[in-house]
Structure formats: structure tokens, C-alpha cells
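Printed here is input_17.pdb (PDB, C-alpha atoms):
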```pdb
ATOM      1  CA  MET A   1     194.954 190.222 201.765  1.00  0.00           C
ATOM      2  CA  TRP A   2     191.400 190.152 200.320  1.00  0.00           C
ATOM      3  CA  THR A   3     190.274 186.963 198.627  1.00  0.00           C
ATOM      4  CA  GLU A   4     187.251 186.504 196.409  1.00  0.00           C
ATOM      5  CA  LYS A   5     185.468 183.209 196.942  1.00  0.00           C
ATOM      6  CA  ASP A   6     181.858 182.048 197.030  1.00  0.00           C
ATOM      7  CA  ASN A   7     180.577 185.474 195.924  1.00  0.00           C
ATOM      8  CA  GLN A   8     182.293 187.301 198.793  1.00  0.00           C
ATOM      9  CA  LEU A   9     185.393 189.389 199.326  1.00  0.00           C
ATOM     10  CA  SER A  10     186.948 188.178 202.565  1.00  0.00           C
ATOM     11  CA  ALA A  11     189.866 189.188 204.746  1.00  0.00           C
ATOM     12  CA  THR A  12     191.148 188.438 208.225  1.00  0.00           C
ATOM     13  CA  PHE A  13     193.042 191.071 210.184  1.00  0.00           C
ATOM     14  CA  HIS A  14     195.121 190.607 213.343  1.00  0.00           C
ATOM     15  CA  PHE A  15     195.841 193.320 215.874  1.00  0.00           C
ATOM     16  CA  LYS A  16     197.911 193.811 219.008  1.00  0.00           C
ATOM     17  CA  ASP A  17     194.930 193.219 221.301  1.00  0.00           C
ATOM     18  CA  PHE A  18     191.154 193.480 221.612  1.00  0.00           C
ATOM     19  CA  SER A  19     191.190 197.251 222.132  1.00  0.00           C
ATOM     20  CA  GLN A  20     193.058 197.832 218.892  1.00  0.00           C
ATOM     21  CA  ALA A  21     190.789 195.422 216.998  1.00  0.00           C
ATOM     22  CA  PHE A  22     187.722 197.187 218.368  1.00  0.00           C
ATOM     23  CA  ALA A  23     189.106 200.630 217.480  1.00  0.00           C
ATOM     24  CA  PHE A  24     189.646 199.394 213.909  1.00  0.00           C
ATOM     25  CA  MET A  25     186.093 198.034 213.804  1.00  0.00           C
ATOM     26  CA  THR A  26     184.736 201.363 215.019  1.00  0.00           C
ATOM     27  CA  GLU A  27     186.485 203.193 212.198  1.00  0.00           C
ATOM     28  CA  VAL A  28     185.268 200.637 209.665  1.00  0.00           C
ATOM     29  CA  ALA A  29     181.722 200.941 211.033  1.00  0.00           C
ATOM     30  CA  MET A  30     181.729 204.713 210.437  1.00  0.00           C
ATOM     31  CA  LEU A  31     183.158 204.160 206.952  1.00  0.00           C
ATOM     32  CA  ALA A  32     180.550 201.511 206.133  1.00  0.00           C
ATOM     33  CA  GLU A  33     177.774 203.833 207.272  1.00  0.00           C
ATOM     34  CA  LYS A  34     179.150 206.596 205.036  1.00  0.00           C
ATOM     35  CA  HIS A  35     179.258 204.179 202.080  1.00  0.00           C
ATOM     36  CA  GLU A  36     175.821 202.800 203.015  1.00  0.00           C
ATOM     37  CA  HIS A  37     177.367 199.365 202.639  1.00  0.00           C
ATOM     38  CA  HIS A  38     177.709 197.189 205.713  1.00  0.00           C
ATOM     39  CA  PRO A  39     179.986 194.178 206.176  1.00  0.00           C
ATOM     40  CA  LEU A  40     179.315 190.781 207.615  1.00  0.00           C
ATOM     41  CA  TRP A  41     182.031 190.495 210.238  1.00  0.00           C
ATOM     42  CA  THR A  42     183.193 188.792 213.384  1.00  0.00           C
ATOM     43  CA  ASN A  43     185.625 189.702 216.113  1.00  0.00           C
ATOM     44  CA  VAL A  44     187.355 187.414 218.567  1.00  0.00           C
ATOM     45  CA  TRP A  45     189.953 189.061 220.772  1.00  0.00           C
ATOM     46  CA  ASN A  46     192.554 190.487 218.356  1.00  0.00           C
ATOM     47  CA  ARG A  47     191.128 189.040 215.128  1.00  0.00           C
ATOM     48  CA  VAL A  48     188.583 190.687 212.831  1.00  0.00           C
ATOM     49  CA  GLU A  49     187.114 188.788 209.890  1.00  0.00           C
ATOM     50  CA  ILE A  50     185.251 190.778 207.240  1.00  0.00           C
ATOM     51  CA  ASN A  51     183.106 189.477 204.382  1.00  0.00           C
ATOM     52  CA  LEU A  52     181.721 191.797 201.732  1.00  0.00           C
ATOM     53  CA  SER A  53     179.038 191.217 199.105  1.00  0.00           C
ATOM     54  CA  THR A  54     176.322 193.403 197.635  1.00  0.00           C
ATOM     55  CA  HIS A  55     172.911 192.209 198.761  1.00  0.00           C
ATOM     56  CA  ASP A  56     171.023 194.452 196.329  1.00  0.00           C
ATOM     57  CA  ALA A  57     172.878 192.816 193.426  1.00  0.00           C
ATOM     58  CA  GLY A  58     172.011 189.285 194.510  1.00  0.00           C
ATOM     59  CA  ASP A  59     174.758 188.703 197.073  1.00  0.00           C
ATOM     60  CA  ILE A  60     177.644 188.914 194.630  1.00  0.00           C
ATOM     61  CA  VAL A  61     180.874 190.902 194.660  1.00  0.00           C
ATOM     62  CA  THR A  62     180.545 194.267 192.925  1.00  0.00           C
ATOM     63  CA  ASP A  63     182.610 197.436 192.621  1.00  0.00           C
ATOM     64  CA  LYS A  64     180.829 198.636 195.755  1.00  0.00           C
ATOM     65  CA  ASP A  65     182.554 195.831 197.684  1.00  0.00           C
ATOM     66  CA  ARG A  66     185.920 196.417 196.043  1.00  0.00           C
ATOM     67  CA  ASP A  67     185.742 200.138 196.820  1.00  0.00           C
ATOM     68  CA  LEU A  68     184.886 199.479 200.459  1.00  0.00           C
ATOM     69  CA  ALA A  69     187.700 196.929 200.735  1.00  0.00           C
ATOM     70  CA  LYS A  70     190.201 199.506 199.431  1.00  0.00           C
ATOM     71  CA  ALA A  71     188.931 202.062 201.935  1.00  0.00           C
ATOM     72  CA  ILE A  72     189.222 199.505 204.757  1.00  0.00           C
ATOM     73  CA  ASP A  73     192.816 198.839 203.689  1.00  0.00           C
ATOM     74  CA  ARG A  74     193.565 202.555 204.032  1.00  0.00           C
ATOM     75  CA  ILE A  75     192.250 202.464 207.610  1.00  0.00           C
ATOM     76  CA  LEU A  76     194.315 199.362 208.297  1.00  0.00           C
ATOM     77  CA  THR A  77     197.573 201.170 207.479  1.00  0.00           C
ATOM     78  CA  ARG A  78     197.161 203.227 210.659  1.00  0.00           C
ATOM     79  CA  TYR A  79     197.174 200.041 212.746  1.00  0.00           C
ATOM     80  CA  GLN A  80     200.305 198.417 211.365  1.00  0.00           C
TER
END
```
Would you mind giving the structure from this file in C-alpha cells?
Amino acid sequence: MWTEKDNQLSATFHFKDFSQAFAFMTEVAMLAEKHEHHPLWTNVWNRVEINLSTHDAGDIVTDKDRDLAKAIDRILTRYQ
């Protein structure tokens, strides 16, 4: 699901509709705030694209990104 390329962890998620995608994003937003680590992301209708890198480490992938990606995956299980 997550791929590491160009110093980013990236994933694209598809949902039933916009409402479900937005609900997922809301949960991820609260999680990101708790982790003090915020994604670069986009949403178009039922698709959410997330890119993670650690700015403080020079915009590279670190354990902080991998940990957040795992936590996002746990949220995702409630939407499948």
C-alpha cells in the first residue's frame, strides 16, 4: 500500500464516496495533530492521496513517517 520514492512515503486510498473519504481524513487529521506530524495530502471525491516525509530531517523518510503510516493503516481498517 505505502511506497517509498523520492524521499516520501506515499499511498492512495479509495472510499465509497466523498463523505467516507472526508471522515477518514478527519480521523487522520486528529492523529497527525497528536503525532505533531502533518501529511501532504489531496482529496478528490472518493480518493485520498497522502505523502509523508519529515521536514525537520531534511524532507526525508524517517521512523516518524513510518509510524504515522502504520497508524493511518489502522484507521483505514475501519473503512474497508
Between CA of Asp6 in chain A and CA of Gln80 in chain A, distance in Å (one decimal)
28.5 Å
Which residues are near Phe22 in chain A? Cut-off 12 Å, all atoms listed in the file, ignore same chain within fewer than 4 positions. Put them as a PyMOL selection string.
chain A and resi 13-18+26-29+41-49+79
Keeping only C-alpha atoms, write those residues as a PDB file, in the frame of the given file.
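Saved as part.pdb:
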```
ATOM      1  CA  PHE A  13     193.042 191.071 210.184  1.00  0.00           C
ATOM      2  CA  HIS A  14     195.121 190.607 213.343  1.00  0.00           C
ATOM      3  CA  PHE A  15     195.841 193.320 215.874  1.00  0.00           C
ATOM      4  CA  LYS A  16     197.911 193.811 219.008  1.00  0.00           C
ATOM      5  CA  ASP A  17     194.930 193.219 221.301  1.00  0.00           C
ATOM      6  CA  PHE A  18     191.154 193.480 221.612  1.00  0.00           C
ATOM      7  CA  THR A  26     184.736 201.363 215.019  1.00  0.00           C
ATOM      8  CA  GLU A  27     186.485 203.193 212.198  1.00  0.00           C
ATOM      9  CA  VAL A  28     185.268 200.637 209.665  1.00  0.00           C
ATOM     10  CA  ALA A  29     181.722 200.941 211.033  1.00  0.00           C
ATOM     11  CA  TRP A  41     182.031 190.495 210.238  1.00  0.00           C
ATOM     12  CA  THR A  42     183.193 188.792 213.384  1.00  0.00           C
ATOM     13  CA  ASN A  43     185.625 189.702 216.113  1.00  0.00           C
ATOM     14  CA  VAL A  44     187.355 187.414 218.567  1.00  0.00           C
ATOM     15  CA  TRP A  45     189.953 189.061 220.772  1.00  0.00           C
ATOM     16  CA  ASN A  46     192.554 190.487 218.356  1.00  0.00           C
ATOM     17  CA  ARG A  47     191.128 189.040 215.128  1.00  0.00           C
ATOM     18  CA  VAL A  48     188.583 190.687 212.831  1.00  0.00           C
ATOM     19  CA  GLU A  49     187.114 188.788 209.890  1.00  0.00           C
ATOM     20  CA  TYR A  79     197.174 200.041 212.746  1.00  0.00           C
TER      21      TYR A  79
END
```
Got a sec to check which residues sit within 10 Å of (177.6, 191.1, 199.4), counting all atoms listed in the file, and write them as a PyMOL selection string?
chain A and resi 7-9+37-40+51-62+64-65
What gap, in Å, lies between CA of Ile72 in chain A and CA of Lys5 in chain A?
18.5 Å
If you measure from CA of Glu36 in chain A to CA of Arg78 in chain A, what distance in Å do you get, rounded to one decimal?
22.7 Å
